[in-house]
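Peer 1: Quick one: the structure is below, questions incoming.
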Amino acid sequence: MRWLPYGADAALIECDSLAETGAVRATVASAGIPDVVEVVPAARTVLVSVRPDSKALAEIRALVEAADLAHPPAGESREHVLDVRYDGEDLELVARTAGITVEDVIALHTSAFYAVAFTGFAPGFGYLTGLPEPLRQSRLDSARTRVPAGSVAIAGEFAGVYPRASPGGWRLLGHTDTVLFDPRAERPALLAPGDGVRFRRAP
Amino acid sequence: MKRTLQVFSTGPLALVQDLGRPGHAHVGVPPSGALDVPALRLANRLVGNAEHLAGIESLLGGLAVRAHSSCTVAVTGPVVPVQVDGRPVGSHVPVHLAGGRTLTIGTPTAGLRCYLAVSGGIDVEPELGSRSRDTLSEIGPAPLAVGDLLPLGEGDGIPTGQDELAPPCPPAELLVPVSLGPRDDWFEDPAGRLAGYWTVTPESNRVGLRLNGEPLRRRADRTGAELPSEGVLTGAIQVPPSGLPVVFLADHPTTGGYPVAGVVAGSALPALAQARPGTRLRFRPRPVG
């Protein structure tokens, strides 16, 4: 773990693994330190910003350096079950690439337990870890100009759901009617870092 | 009945802005909010509002609004002609706008963004705790359009009068304090390069200030290297493979995959918000401990 200054009021904590990133995020988020403005996990880093002239950065550094990152606090994570219709345009391609049947793809995708590692790309877009090995496939060679909202997709080691229509290069398995981002809702983003996710075949 | 303001002309871009919605970067939502924060705060004080209420950020003026009931208004930012029904009233002063009268903001001769505050504030529905328009993720009220009726909040504050004597005149050249890092070690002589002259390009917007100049060069051991996306903040100087920096402003993406060579001091951001294309600037880098 490396502590990199990021201007006067923030620091970028560089981690050795995605798991360590999750542990650092959970450690900082669950400490409830006043003056913390943002805690932004990513693949190998956690960015922490605090109010100007706050002493909280030093406190966070001490906290993280003393933490047992092998056993991070559980925090207040939630679990979500998303109903999916497996009608994605790339379902056949994914099956062919993995050398399995479409039914196998669906069975693999619904059997795994995922965790929201971080978000990015768009409001409410969570990068989910826990994707079974045969489904870890590269992005499409050329991205689609429009992926519909609710598309359930995979790319590399991640699974995800497009919260709104946007361009995108992930392989599409299906779609869900669950709303992932609603700016007027009490909790606008359904998925937050640390949350658990399961996909279920829609009846 | 709720007091309203009707939009008669928008100029190039007029957006509702308050102090933004920091604290949601972990779900992919930028902070947004007024780019020239001190100007919005001042406008609010002038009309007797709490400083955080929503006003209108007017890019290059050209905004005209009619009051449907009596209110107090003030325009801040760069010095700009302001008229009520064609009569000059001036910027940076509280102005009484009687019902049925029209306020018009002219074009500033320097700077970019004027701020209009109205007693009671613009009271559109907040999203994620803010009424700001986020131009990147399209959260918050749509850019103002001719014919819009803007609801106003209850305005019972007492205008504080003119509490700053002279509006700031944007300097011809900016000197911008910068803390190096977190990825300055990706570049050859980052401090020296950033200290050279840069020019603000017309591609700049609320997402970022795009600069032209002598490109930063990556160190030999970082050439072609890829950085996993990481969180970014307002003021971050991100350097894409072109070597031409982008200074992220309030509507920046919450993560980015190019190295950040330095971070602009928060105190310098209002001046960057007013920097027109063609403005020359130099960074004054200092390492942080």
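Simple scheme: letters A, B, ... for chains in structure tokens order, numbers from 1 for residues in each chain, numbers from 1 for ligands in the order shown.
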Could you name the residues that touch stretch 46-54 of chain A at 6 Å or less, counting only C-alpha atoms, but leaving out those on the same chain fewer than 4 positions away, as a ChimeraX atom specification?

Peer 2: /A:9-13,35-41 /B:231

Peer 1: If the cut-off is 9 Å, can you tell me the residues of chain B near chain A, counting only C-alpha atoms? I'd like them as a VMD selection string.

Peer 2: chain B and resid 22 to 30 125 to 128 137 139 to 140 178 to 183 228 to 233 235 to 236 253 to 256 260 262 to 266 288 to 289

Peer 1: Run DSSP on the backbone and grab whatever in stretch 5-147 of chain A lands in strand (DSSP E); send it over as a ChimeraX atom specification.

Peer 2: /A:5,10-14,36-41,45-50,79-84,114-119,126-129,144-147

Peer 1: Please produce an output containing N, CA and C atoms for each residue in the selection, written as a CSV table (one decimal), in the first residue's frame.

Peer 2:
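And here is the file that came out, selection_8.csv:
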```csv
chain,number,residue,atom,x,y,z
A,5,PRO,N,0.0,11.8,-2.2
A,5,PRO,CA,-0.7,13.1,-2.0
A,5,PRO,C,-1.4,13.5,-3.2
A,10,ALA,N,-6.6,15.9,-0.2
A,10,ALA,CA,-6.9,14.5,-0.6
A,10,ALA,C,-5.7,13.6,-0.7
A,11,ALA,N,-5.9,12.3,-0.8
A,11,ALA,CA,-4.8,11.4,-1.0
A,11,ALA,C,-5.3,10.2,-1.8
A,12,LEU,N,-4.4,9.7,-2.6
A,12,LEU,CA,-4.7,8.5,-3.3
A,12,LEU,C,-4.0,7.3,-2.7
A,13,ILE,N,-4.7,6.3,-2.2
A,13,ILE,CA,-4.1,5.2,-1.5
A,13,ILE,C,-4.0,4.1,-2.6
A,14,GLU,N,-2.8,3.7,-2.9
A,14,GLU,CA,-2.6,2.7,-3.9
A,14,GLU,C,-2.4,1.4,-3.3
A,36,VAL,N,-14.8,13.9,6.1
A,36,VAL,CA,-14.5,13.2,4.9
A,36,VAL,C,-15.6,13.6,3.8
A,37,VAL,N,-15.1,13.9,2.6
A,37,VAL,CA,-16.1,14.3,1.6
A,37,VAL,C,-16.3,13.2,0.6
A,38,GLU,N,-15.2,12.6,0.1
A,38,GLU,CA,-15.4,11.5,-0.9
A,38,GLU,C,-14.5,10.4,-0.5
A,39,VAL,N,-15.0,9.1,-0.7
A,39,VAL,CA,-14.2,7.9,-0.7
A,39,VAL,C,-14.5,7.2,-2.0
A,40,VAL,N,-13.5,7.2,-2.9
A,40,VAL,CA,-13.8,6.7,-4.2
A,40,VAL,C,-12.9,5.5,-4.5
A,41,PRO,N,-13.4,4.3,-4.4
A,41,PRO,CA,-12.6,3.1,-4.7
A,41,PRO,C,-12.5,2.9,-6.2
A,45,THR,N,-6.9,1.5,-6.4
A,45,THR,CA,-6.7,2.7,-5.6
A,45,THR,C,-8.0,3.1,-4.8
A,46,VAL,N,-7.8,3.8,-3.7
A,46,VAL,CA,-8.9,4.5,-3.1
A,46,VAL,C,-8.6,5.9,-2.9
A,47,LEU,N,-9.4,6.8,-3.5
A,47,LEU,CA,-9.2,8.2,-3.4
A,47,LEU,C,-10.0,8.7,-2.2
A,48,VAL,N,-9.4,9.5,-1.3
A,48,VAL,CA,-10.1,10.0,-0.2
A,48,VAL,C,-9.9,11.5,-0.2
A,49,SER,N,-11.0,12.3,-0.1
A,49,SER,CA,-10.9,13.7,0.0
A,49,SER,C,-11.6,14.2,1.3
A,50,VAL,N,-11.1,15.3,1.8
A,50,VAL,CA,-11.6,15.9,3.1
A,50,VAL,C,-11.9,17.4,2.9
A,79,GLU,N,-27.6,-6.4,0.0
A,79,GLU,CA,-27.6,-7.4,-1.0
A,79,GLU,C,-28.8,-7.2,-2.0
A,80,HIS,N,-28.5,-7.4,-3.2
A,80,HIS,CA,-29.5,-7.1,-4.2
A,80,HIS,C,-29.7,-8.4,-5.1
A,81,VAL,N,-30.9,-8.7,-5.5
A,81,VAL,CA,-31.1,-9.8,-6.5
A,81,VAL,C,-31.8,-9.1,-7.7
A,82,LEU,N,-31.1,-9.3,-8.8
A,82,LEU,CA,-31.6,-8.7,-10.1
A,82,LEU,C,-32.2,-9.7,-11.0
A,83,ASP,N,-33.4,-9.6,-11.4
A,83,ASP,CA,-34.1,-10.5,-12.3
A,83,ASP,C,-33.6,-10.2,-13.7
A,84,VAL,N,-33.2,-11.2,-14.4
A,84,VAL,CA,-32.6,-11.0,-15.8
A,84,VAL,C,-33.4,-11.8,-16.8
A,114,TYR,N,-21.8,-11.9,-6.5
A,114,TYR,CA,-20.9,-10.8,-6.9
A,114,TYR,C,-20.8,-9.7,-5.9
A,115,ALA,N,-19.7,-9.0,-5.9
A,115,ALA,CA,-19.6,-7.8,-5.0
A,115,ALA,C,-19.3,-6.6,-5.8
A,116,VAL,N,-19.9,-5.4,-5.4
A,116,VAL,CA,-19.7,-4.2,-6.1
A,116,VAL,C,-18.3,-3.7,-5.6
A,117,ALA,N,-17.3,-3.7,-6.6
A,117,ALA,CA,-16.0,-3.3,-6.2
A,117,ALA,C,-15.9,-1.8,-6.2
A,118,PHE,N,-16.4,-1.2,-7.3
A,118,PHE,CA,-16.3,0.3,-7.4
A,118,PHE,C,-17.3,0.6,-8.5
A,119,THR,N,-17.5,1.9,-8.7
A,119,THR,CA,-18.3,2.4,-9.8
A,119,THR,C,-17.5,3.3,-10.7
A,126,GLY,N,-22.0,-0.1,-11.5
A,126,GLY,CA,-21.1,-0.8,-10.6
A,126,GLY,C,-20.3,-1.8,-11.3
A,127,TYR,N,-19.0,-1.9,-11.0
A,127,TYR,CA,-18.1,-3.0,-11.5
A,127,TYR,C,-18.2,-4.1,-10.5
A,128,LEU,N,-18.8,-5.3,-10.9
A,128,LEU,CA,-19.0,-6.4,-10.0
A,128,LEU,C,-18.0,-7.4,-10.2
A,129,THR,N,-17.4,-7.8,-9.1
A,129,THR,CA,-16.4,-8.9,-9.1
A,129,THR,C,-17.1,-10.2,-8.7
A,144,ARG,N,-20.5,-0.7,-29.2
A,144,ARG,CA,-21.8,-0.3,-29.7
A,144,ARG,C,-22.0,1.2,-29.4
A,145,THR,N,-22.6,1.9,-30.4
A,145,THR,CA,-22.9,3.3,-30.1
A,145,THR,C,-24.0,3.5,-29.1
A,146,ARG,N,-24.9,2.4,-29.0
A,146,ARG,CA,-26.0,2.6,-28.0
A,146,ARG,C,-26.3,1.2,-27.4
A,147,VAL,N,-26.1,1.1,-26.1
A,147,VAL,CA,-26.5,-0.1,-25.3
A,147,VAL,C,-27.7,0.4,-24.5
```

Peer 1: Give me the residues near B:Ala50 as a list in words, where near means some atom within 9 Å (using only C-alpha atoms) and where sequence neighbours in that chain fewer than 4 positions away do not count.

Peer 2: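 Once the adjacent positions are removed, what remains is Arg41, Asn44, Arg45, Gly120, Gly121 and Gly157 of chain B.
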
Peer 1: Please write the residues from the selection above to a file, keeping N, CA and C atoms, as a PDB file, in the first residue's frame.

Peer 2:
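Result saved to again13.pdb:
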```
ATOM      1  N   ARG B  41     -21.732  32.857  -4.279  1.00  0.00           N
ATOM      2  CA  ARG B  41     -21.945  33.192  -2.860  1.00  0.00           C
ATOM      3  C   ARG B  41     -22.215  34.688  -2.697  1.00  0.00           C
ATOM      4  N   ASN B  44     -25.657  35.711  -3.888  1.00  0.00           N
ATOM      5  CA  ASN B  44     -26.660  35.334  -2.893  1.00  0.00           C
ATOM      6  C   ASN B  44     -26.667  36.284  -1.702  1.00  0.00           C
ATOM      7  N   ARG B  45     -25.472  36.656  -1.215  1.00  0.00           N
ATOM      8  CA  ARG B  45     -25.427  37.587  -0.081  1.00  0.00           C
ATOM      9  C   ARG B  45     -26.065  38.925  -0.458  1.00  0.00           C
ATOM     10  N   GLY B 120     -34.772  34.403  -2.451  1.00  0.00           N
ATOM     11  CA  GLY B 120     -35.485  33.129  -2.309  1.00  0.00           C
ATOM     12  C   GLY B 120     -34.810  31.992  -3.051  1.00  0.00           C
ATOM     13  N   GLY B 121     -33.972  32.309  -4.015  1.00  0.00           N
ATOM     14  CA  GLY B 121     -33.260  31.274  -4.767  1.00  0.00           C
ATOM     15  C   GLY B 121     -34.158  30.615  -5.806  1.00  0.00           C
ATOM     16  N   GLY B 157     -34.917  37.028   3.456  1.00  0.00           N
ATOM     17  CA  GLY B 157     -33.645  37.496   3.998  1.00  0.00           C
ATOM     18  C   GLY B 157     -33.462  38.978   3.746  1.00  0.00           C
TER      19      GLY B 157
END
```

Peer 1: Based on the backbone DSSP call, show me all residues of stretch 241-271 of chain B assigned helix (DSSP H, G or I), as a list of chain:residue names.

Peer 2: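 These are the residues in question: B:Gly266, B:Ser267, B:Ala268, B:Leu269, B:Pro270, B:Ala271.
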
Peer 1: Grab the residues selected above and save them as a CSV table (one decimal), in the first residue's frame with C-alpha atoms.

Peer 2:
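For reference, selection_35.csv as written:
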```csv
chain,number,residue,atom,x,y,z
B,266,GLY,CA,-8.8,25.1,-4.7
B,267,SER,CA,-8.3,28.9,-4.4
B,268,ALA,CA,-7.3,29.1,-8.1
B,269,LEU,CA,-10.4,27.4,-9.4
B,270,PRO,CA,-12.6,30.5,-9.6
B,271,ALA,CA,-10.1,32.2,-11.9
```

Peer 1: Write out as a list in words which residues come within 10 Å of B:Leu35 when counting only C-alpha atoms, dropping same-chain ones fewer than 3 positions away.

Peer 2: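 Counting only C-alpha atoms, the residues come to Gln17, Asp18, Leu19, Gly20, Ser32, Pro38, Ala39, Leu40, Glu57, Arg113, Arg206, Leu249, Ala250, Asp251, Leu269, Pro270, Ala271, Leu272, Ala273 and Gln274 of chain B.
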
Peer 1: Please indicate the distance in Å from atom CA of B:Arg131 to atom CA of B:Asp148, rounded to one decimal place.

Peer 2: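 Interatomic distance, atom CA of B:Arg131 to atom CA of B:Asp148: 15.5 Å.
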
Peer 1: For B:Leu60, which of B:Leu15, B:Ala220, B:Leu244, B:Val93 is the closest residue, counting only C-alpha atoms?

Peer 2: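 The shortest atom-to-atom distance to B:Leu60 comes from B:Leu15.
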